[in-house]
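Shown here: input35.pdb, PDB, C-alpha atoms, pLDDT in the B column.
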```
ATOM      1  CA  MET A   1     147.532 218.530  20.636  1.00 52.00           C
ATOM      2  CA  PHE A   2     148.012 215.153  22.247  1.00 49.00           C
ATOM      3  CA  HIS A   3     151.286 213.252  21.828  1.00 48.00           C
ATOM      4  CA  ARG A   4     152.084 209.609  22.371  1.00 46.00           C
ATOM      5  CA  GLN A   5     154.144 208.808  25.436  1.00 44.00           C
ATOM      6  CA  ASP A   6     156.446 206.083  24.131  1.00 42.00           C
ATOM      7  CA  SER A   7     157.206 204.640  27.564  1.00 34.00           C
ATOM      8  CA  ALA A   8     153.490 204.278  28.295  1.00 37.00           C
ATOM      9  CA  PHE A   9     152.886 202.939  24.816  1.00 37.00           C
ATOM     10  CA  SER A  10     155.449 200.191  25.160  1.00 35.00           C
ATOM     11  CA  LYS A  11     153.758 198.980  28.359  1.00 33.00           C
ATOM     12  CA  THR A  12     150.208 198.931  27.005  1.00 42.00           C
ATOM     13  CA  PRO A  13     148.956 195.364  26.504  1.00 44.00           C
ATOM     14  CA  GLY A  14     147.588 194.697  23.057  1.00 48.00           C
ATOM     15  CA  ALA A  15     149.191 197.789  21.533  1.00 49.00           C
ATOM     16  CA  PRO A  16     150.714 197.386  18.092  1.00 49.00           C
ATOM     17  CA  THR A  17     154.474 197.017  18.204  1.00 55.00           C
ATOM     18  CA  THR A  18     155.249 197.166  14.493  1.00 73.00           C
ATOM     19  CA  GLY A  19     154.000 199.184  11.592  1.00 81.00           C
ATOM     20  CA  PRO A  20     152.802 202.763  11.470  1.00 92.00           C
ATOM     21  CA  ARG A  21     151.864 204.319  14.801  1.00 92.00           C
ATOM     22  CA  LEU A  22     149.640 207.242  15.628  1.00 94.00           C
ATOM     23  CA  THR A  23     151.964 209.738  17.351  1.00 93.00           C
ATOM     24  CA  SER A  24     149.693 212.717  17.984  1.00 94.00           C
ATOM     25  CA  ILE A  25     146.204 214.066  17.426  1.00 95.00           C
ATOM     26  CA  MET A  26     145.415 217.657  16.592  1.00 95.00           C
ATOM     27  CA  LEU A  27     141.927 219.135  16.351  1.00 94.00           C
ATOM     28  CA  ASP A  28     141.165 222.303  14.421  1.00 93.00           C
ATOM     29  CA  PRO A  29     140.284 225.236  16.735  1.00 92.00           C
ATOM     30  CA  GLU A  30     136.501 224.816  16.323  1.00 89.00           C
ATOM     31  CA  LEU A  31     136.630 221.119  17.187  1.00 91.00           C
ATOM     32  CA  GLN A  32     139.091 221.733  20.004  1.00 90.00           C
ATOM     33  CA  ALA A  33     136.689 224.250  21.569  1.00 88.00           C
ATOM     34  CA  GLN A  34     133.847 221.743  21.277  1.00 86.00           C
ATOM     35  CA  ALA A  35     135.979 218.974  22.808  1.00 86.00           C
ATOM     36  CA  ALA A  36     136.683 221.210  25.805  1.00 84.00           C
ATOM     37  CA  LEU A  37     132.920 221.305  26.491  1.00 80.00           C
ATOM     38  CA  ALA A  38     132.594 217.519  26.507  1.00 74.00           C
ATOM     39  CA  PRO A  39     131.705 216.031  29.879  1.00 68.00           C
ATOM     40  CA  GLN A  40     134.255 214.239  32.041  1.00 66.00           C
ATOM     41  CA  GLY A  41     137.179 214.832  29.686  1.00 76.00           C
ATOM     42  CA  ASP A  42     135.762 212.371  27.139  1.00 83.00           C
ATOM     43  CA  ALA A  43     137.778 213.847  24.266  1.00 87.00           C
ATOM     44  CA  ALA A  44     141.061 213.690  26.169  1.00 88.00           C
ATOM     45  CA  HIS A  45     140.408 210.091  27.259  1.00 88.00           C
ATOM     46  CA  ALA A  46     139.515 209.090  23.703  1.00 90.00           C
ATOM     47  CA  MET A  47     142.686 210.677  22.306  1.00 91.00           C
ATOM     48  CA  THR A  48     144.809 208.963  24.922  1.00 91.00           C
ATOM     49  CA  ASN A  49     143.177 205.604  24.138  1.00 90.00           C
ATOM     50  CA  LEU A  50     143.679 206.096  20.412  1.00 90.00           C
ATOM     51  CA  MET A  51     147.371 206.848  20.815  1.00 88.00           C
ATOM     52  CA  GLU A  52     148.191 204.244  23.449  1.00 87.00           C
ATOM     53  CA  ARG A  53     146.217 201.284  22.167  1.00 79.00           C
ATOM     54  CA  SER A  54     145.369 202.115  18.600  1.00 75.00           C
ATOM     55  CA  ASP A  55     145.978 199.997  15.584  1.00 89.00           C
ATOM     56  CA  MET A  56     144.409 202.694  13.398  1.00 92.00           C
ATOM     57  CA  VAL A  57     146.204 202.907  10.049  1.00 93.00           C
ATOM     58  CA  PRO A  58     145.106 205.104   7.149  1.00 95.00           C
ATOM     59  CA  ASN A  59     145.311 203.204   3.869  1.00 94.00           C
ATOM     60  CA  GLY A  60     148.690 203.559   2.192  1.00 93.00           C
ATOM     61  CA  VAL A  61     150.432 205.023   5.243  1.00 95.00           C
ATOM     62  CA  THR A  62     153.613 203.119   6.052  1.00 94.00           C
ATOM     63  CA  THR A  63     155.266 205.402   8.604  1.00 94.00           C
ATOM     64  CA  ASP A  64     154.359 206.891  11.985  1.00 94.00           C
ATOM     65  CA  PHE A  65     151.824 209.662  11.588  1.00 95.00           C
ATOM     66  CA  ALA A  66     149.982 212.491  13.280  1.00 96.00           C
ATOM     67  CA  LEU A  67     146.216 212.701  12.880  1.00 96.00           C
ATOM     68  CA  HIS A  68     144.730 216.131  12.173  1.00 96.00           C
ATOM     69  CA  ILE A  69     140.946 216.346  12.396  1.00 96.00           C
ATOM     70  CA  LEU A  70     139.131 219.286  10.892  1.00 95.00           C
ATOM     71  CA  ARG A  71     135.733 220.172   9.498  1.00 92.00           C
ATOM     72  CA  ASP A  72     135.194 220.939   5.837  1.00 89.00           C
ATOM     73  CA  ALA A  73     132.679 223.352   4.281  1.00 81.00           C
ATOM     74  CA  ARG A  74     130.050 220.578   4.118  1.00 82.00           C
ATOM     75  CA  GLU A  75     130.403 219.898   7.864  1.00 83.00           C
ATOM     76  CA  ALA A  76     132.085 216.531   7.210  1.00 91.00           C
ATOM     77  CA  LEU A  77     135.155 215.625   9.236  1.00 95.00           C
ATOM     78  CA  VAL A  78     138.458 215.472   7.407  1.00 96.00           C
ATOM     79  CA  LEU A  79     141.042 213.062   8.806  1.00 96.00           C
ATOM     80  CA  GLU A  80     144.503 214.042   7.622  1.00 96.00           C
ATOM     81  CA  SER A  81     147.471 211.811   8.361  1.00 97.00           C
ATOM     82  CA  ARG A  82     150.775 213.672   8.348  1.00 96.00           C
ATOM     83  CA  ASP A  83     154.377 212.619   8.685  1.00 95.00           C
ATOM     84  CA  SER A  84     156.791 214.185  11.181  1.00 93.00           C
ATOM     85  CA  ALA A  85     157.606 216.986   8.705  1.00 94.00           C
ATOM     86  CA  GLY A  86     153.916 217.899   8.372  1.00 93.00           C
ATOM     87  CA  ASN A  87     153.483 216.454   4.886  1.00 96.00           C
ATOM     88  CA  ILE A  88     150.031 215.005   4.235  1.00 96.00           C
ATOM     89  CA  LEU A  89     150.257 211.247   3.736  1.00 96.00           C
ATOM     90  CA  HIS A  90     146.553 210.478   3.513  1.00 96.00           C
ATOM     91  CA  THR A  91     143.287 212.388   3.627  1.00 95.00           C
ATOM     92  CA  GLY A  92     140.015 210.726   4.478  1.00 93.00           C
ATOM     93  CA  THR A  93     136.576 212.274   4.728  1.00 93.00           C
ATOM     94  CA  LEU A  94     133.917 211.200   7.170  1.00 94.00           C
ATOM     95  CA  GLY A  95     130.413 212.399   6.461  1.00 92.00           C
ATOM     96  CA  LEU A  96     128.368 212.489   9.639  1.00 93.00           C
ATOM     97  CA  SER A  97     125.081 211.304   8.096  1.00 92.00           C
ATOM     98  CA  PRO A  98     125.647 207.586   8.794  1.00 92.00           C
ATOM     99  CA  LEU A  99     126.567 208.397  12.410  1.00 94.00           C
ATOM    100  CA  ARG A 100     123.840 210.923  13.266  1.00 93.00           C
ATOM    101  CA  GLN A 101     121.437 208.461  14.896  1.00 93.00           C
ATOM    102  CA  SER A 102     124.171 206.753  16.915  1.00 93.00           C
ATOM    103  CA  LEU A 103     125.539 210.141  18.009  1.00 94.00           C
ATOM    104  CA  ARG A 104     122.080 211.311  19.106  1.00 93.00           C
ATOM    105  CA  ASP A 105     121.314 208.062  20.907  1.00 93.00           C
ATOM    106  CA  TYR A 106     124.683 208.110  22.647  1.00 91.00           C
ATOM    107  CA  THR A 107     124.078 211.681  23.822  1.00 89.00           C
ATOM    108  CA  LEU A 108     120.666 210.681  25.200  1.00 88.00           C
ATOM    109  CA  MET A 109     122.179 207.710  27.019  1.00 87.00           C
ATOM    110  CA  ILE A 110     124.884 209.854  28.608  1.00 84.00           C
ATOM    111  CA  GLU A 111     122.321 212.429  29.714  1.00 84.00           C
ATOM    112  CA  GLY A 112     120.067 209.672  31.061  1.00 82.00           C
ATOM    113  CA  PHE A 113     122.950 208.184  33.012  1.00 80.00           C
ATOM    114  CA  GLN A 114     123.780 211.586  34.500  1.00 78.00           C
ATOM    115  CA  ASP A 115     120.125 212.035  35.527  1.00 78.00           C
ATOM    116  CA  ALA A 116     120.062 208.566  37.101  1.00 78.00           C
ATOM    117  CA  SER A 117     123.291 209.378  38.955  1.00 78.00           C
ATOM    118  CA  ARG A 118     121.701 212.463  40.485  1.00 80.00           C
ATOM    119  CA  ASP A 119     118.711 210.368  41.562  1.00 77.00           C
ATOM    120  CA  ALA A 120     121.077 207.732  43.006  1.00 76.00           C
ATOM    121  CA  ASN A 121     119.113 204.921  41.380  1.00 75.00           C
ATOM    122  CA  PRO A 122     121.653 202.104  40.882  1.00 81.00           C
ATOM    123  CA  MET A 123     119.346 199.780  38.918  1.00 84.00           C
ATOM    124  CA  ARG A 124     118.419 202.541  36.494  1.00 80.00           C
ATOM    125  CA  MET A 125     122.093 203.508  36.171  1.00 81.00           C
ATOM    126  CA  GLN A 126     123.073 199.919  35.330  1.00 86.00           C
ATOM    127  CA  ALA A 127     120.320 199.596  32.723  1.00 87.00           C
ATOM    128  CA  ILE A 128     121.211 202.899  31.076  1.00 84.00           C
ATOM    129  CA  ASP A 129     124.924 202.074  31.122  1.00 84.00           C
ATOM    130  CA  ALA A 130     124.262 198.729  29.420  1.00 90.00           C
ATOM    131  CA  GLY A 131     122.260 200.553  26.748  1.00 90.00           C
ATOM    132  CA  ARG A 132     124.992 203.170  26.396  1.00 88.00           C
ATOM    133  CA  ARG A 133     127.605 200.473  25.800  1.00 92.00           C
ATOM    134  CA  MET A 134     125.377 198.869  23.155  1.00 94.00           C
ATOM    135  CA  VAL A 135     124.842 202.203  21.360  1.00 94.00           C
ATOM    136  CA  HIS A 136     128.585 202.902  21.628  1.00 94.00           C
ATOM    137  CA  ASP A 137     129.389 199.550  20.011  1.00 96.00           C
ATOM    138  CA  GLN A 138     126.832 200.156  17.239  1.00 96.00           C
ATOM    139  CA  GLY A 139     128.218 203.643  16.594  1.00 96.00           C
ATOM    140  CA  ALA A 140     131.773 202.295  16.476  1.00 96.00           C
ATOM    141  CA  GLU A 141     130.752 199.609  13.978  1.00 97.00           C
ATOM    142  CA  THR A 142     128.947 202.195  11.822  1.00 96.00           C
ATOM    143  CA  LEU A 143     132.101 204.305  11.965  1.00 96.00           C
ATOM    144  CA  ARG A 144     134.259 201.368  10.840  1.00 95.00           C
ATOM    145  CA  HIS A 145     131.973 200.860   7.843  1.00 95.00           C
ATOM    146  CA  ALA A 146     131.963 204.579   7.037  1.00 95.00           C
ATOM    147  CA  LEU A 147     135.780 204.617   7.007  1.00 95.00           C
ATOM    148  CA  GLU A 148     136.119 201.352   5.096  1.00 94.00           C
ATOM    149  CA  GLY A 149     138.561 201.789   2.240  1.00 93.00           C
ATOM    150  CA  GLN A 150     140.107 204.846   3.923  1.00 94.00           C
ATOM    151  CA  VAL A 151     141.264 203.733   7.368  1.00 94.00           C
ATOM    152  CA  THR A 152     141.773 200.310   8.914  1.00 93.00           C
ATOM    153  CA  LEU A 153     140.986 200.093  12.616  1.00 92.00           C
ATOM    154  CA  SER A 154     139.950 197.526  15.202  1.00 92.00           C
ATOM    155  CA  ALA A 155     136.701 197.574  17.146  1.00 93.00           C
ATOM    156  CA  GLU A 156     138.543 199.027  20.174  1.00 93.00           C
ATOM    157  CA  SER A 157     140.081 201.822  18.090  1.00 94.00           C
ATOM    158  CA  ALA A 158     136.711 202.499  16.461  1.00 95.00           C
ATOM    159  CA  ARG A 159     135.160 202.861  19.933  1.00 94.00           C
ATOM    160  CA  ALA A 160     137.797 205.428  20.946  1.00 94.00           C
ATOM    161  CA  LEU A 161     137.415 207.306  17.656  1.00 95.00           C
ATOM    162  CA  PHE A 162     133.607 207.278  18.024  1.00 95.00           C
ATOM    163  CA  THR A 163     133.970 208.774  21.517  1.00 93.00           C
ATOM    164  CA  LEU A 164     136.263 211.482  20.154  1.00 94.00           C
ATOM    165  CA  ILE A 165     133.909 212.259  17.283  1.00 94.00           C
ATOM    166  CA  HIS A 166     130.966 212.390  19.691  1.00 93.00           C
ATOM    167  CA  SER A 167     132.909 214.839  21.856  1.00 91.00           C
ATOM    168  CA  VAL A 168     133.665 217.218  19.001  1.00 90.00           C
ATOM    169  CA  VAL A 169     130.333 217.129  17.136  1.00 87.00           C
ATOM    170  CA  ARG A 170     127.712 216.388  19.786  1.00 70.00           C
ATOM    171  CA  ARG A 171     126.004 219.785  19.467  1.00 60.00           C
ATOM    172  CA  ALA A 172     126.023 219.631  15.662  1.00 46.00           C
ATOM    173  CA  ALA A 173     124.766 216.051  15.315  1.00 44.00           C
TER     174      ALA A 173
END
```
Mind converting the file's structure to structure tokens?
Amino acid sequence: MFHRQDSAFSKTPGAPTTGPRLTSIMLDPELQAQAALAPQGDAAHAMTNLMERSDMVPNGVTTDFALHILRDAREALVLESRDSAGNILHTGTLGLSPLRQSLRDYTLMIEGFQDASRDANPMRMQAIDAGRRMVHDQGAETLRHALEGQVTLSAESARALFTLIHSVVRRAA
């Protein structure tokens, strides 16, 4: 589980200062195991970014909340928002179908970048990284549309959430 560090949060430029705040993120054991396999600590970085800079607010939630992410029987992701007592405030479901192509493309771009890094080809690395950023932005925008009506989040928060989702489902996508 990742928790917000309030002192770091208060110093983060652009972070929301009023309204409901994301205080922690918990992954179910299956997703947590998958996140541990993600390269370069991507899942941990994404969770930190979500908590420190996020303006993510599940619809109808008016208090600080913890985000629990789990997988349902249909392989969709369930995003539960809970209050400090553990009561569920909001449940959203994210089917992976709209994200599959972006998740696959993003995986290919990351693998291509790693290959280019081993070859020490800076021009190829720059080109792949530019493509990776474009795919990341497209995936984040697709994610925002998929969560429309369930969760409100900025482009920056959608990028962090897309990275987290990629980290926990990359083998299944």
Pick from A:Gly86, A:Gly95, A:Gly41, A:Gly19: nearest to Thr63 in chain A, with all atoms listed in the file counted?
-> A:Gly19
So which residues touch Asp28 in chain A within 8 Å, counting only C-alpha atoms, skipping near sequence neighbours fewer than 4 positions away, as JSON, numbers by chain?
-> {"A": [32, 68, 69, 70, 71]}
Output file for the selection above: C-alpha atoms, as a JSON list (two decimals), keeping the file's coordinate frame:
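Dumped everything to selection_14.json:
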```json
[["chain", "number", "residue", "atom", "x", "y", "z"],
["A", 32, "GLN", "CA", 139.09, 221.73, 20.00],
["A", 68, "HIS", "CA", 144.73, 216.13, 12.17],
["A", 69, "ILE", "CA", 140.95, 216.35, 12.40],
["A", 70, "LEU", "CA", 139.13, 219.29, 10.89],
["A", 71, "ARG", "CA", 135.73, 220.17, 9.50]]
```
Excluding same-chain residues fewer than 6 positions from Asp105 in chain A, what lies within 9 Å of it counting all atoms listed in the file, as a PDB file with C-alpha atoms, keeping the file's coordinate frame?
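Saved the output as selection.pdb:
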```
ATOM      1  CA  ARG A 132     124.992 203.170  26.396  1.00 88.00           C
ATOM      2  CA  VAL A 135     124.842 202.203  21.360  1.00 94.00           C
ATOM      3  CA  HIS A 136     128.585 202.902  21.628  1.00 94.00           C
TER       4      HIS A 136
END
```
Taking all atoms listed in the file into account, produce a table as CSV in which each residue of range 36-65 of chain A with an atom at most 12 Å from an atom of range 140-160 of chain A appears once, together with its shortest atom pair and the distance in Å to one decimal, ordered by chain and rising number.
```
residue,atom,partner,partner_atom,distance
A:Asp42,CA,A:Ala160,CA,9.5
A:Ala43,CA,A:Ala160,CA,9.0
A:Ala44,CA,A:Ala160,CA,10.3
A:His45,CA,A:Ala160,CA,8.3
A:Ala46,CA,A:Ala160,CA,4.9
A:Met47,CA,A:Ala160,CA,7.3
A:Thr48,CA,A:Ala160,CA,8.8
A:Asn49,CA,A:Ala160,CA,6.3
A:Leu50,CA,A:Ala160,CA,5.9
A:Met51,CA,A:Ser157,CA,9.3
A:Glu52,CA,A:Ser157,CA,10.0
A:Arg53,CA,A:Ser157,CA,7.4
A:Ser54,CA,A:Ser157,CA,5.3
A:Asp55,CA,A:Leu153,CA,5.8
A:Met56,CA,A:Leu153,CA,4.4
A:Val57,CA,A:Thr152,CA,5.3
A:Pro58,CA,A:Val151,CA,4.1
A:Asn59,CA,A:Val151,CA,5.4
A:Gly60,CA,A:Gln150,CA,8.8
A:Val61,CA,A:Val151,CA,9.5
```
Pick from A:Leu77, A:Leu67, A:Met125, A:Ala116: nearest to Glu30 in chain A, with all atoms listed in the file counted?
->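 Looking only at the distances to Glu30 in chain A, the closest residue turns out to be A:Leu77.
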To one decimal in Å, tell me the separation between CA of His166 in chain A and CA of Thr62 in chain A.
-> 28.0 Å
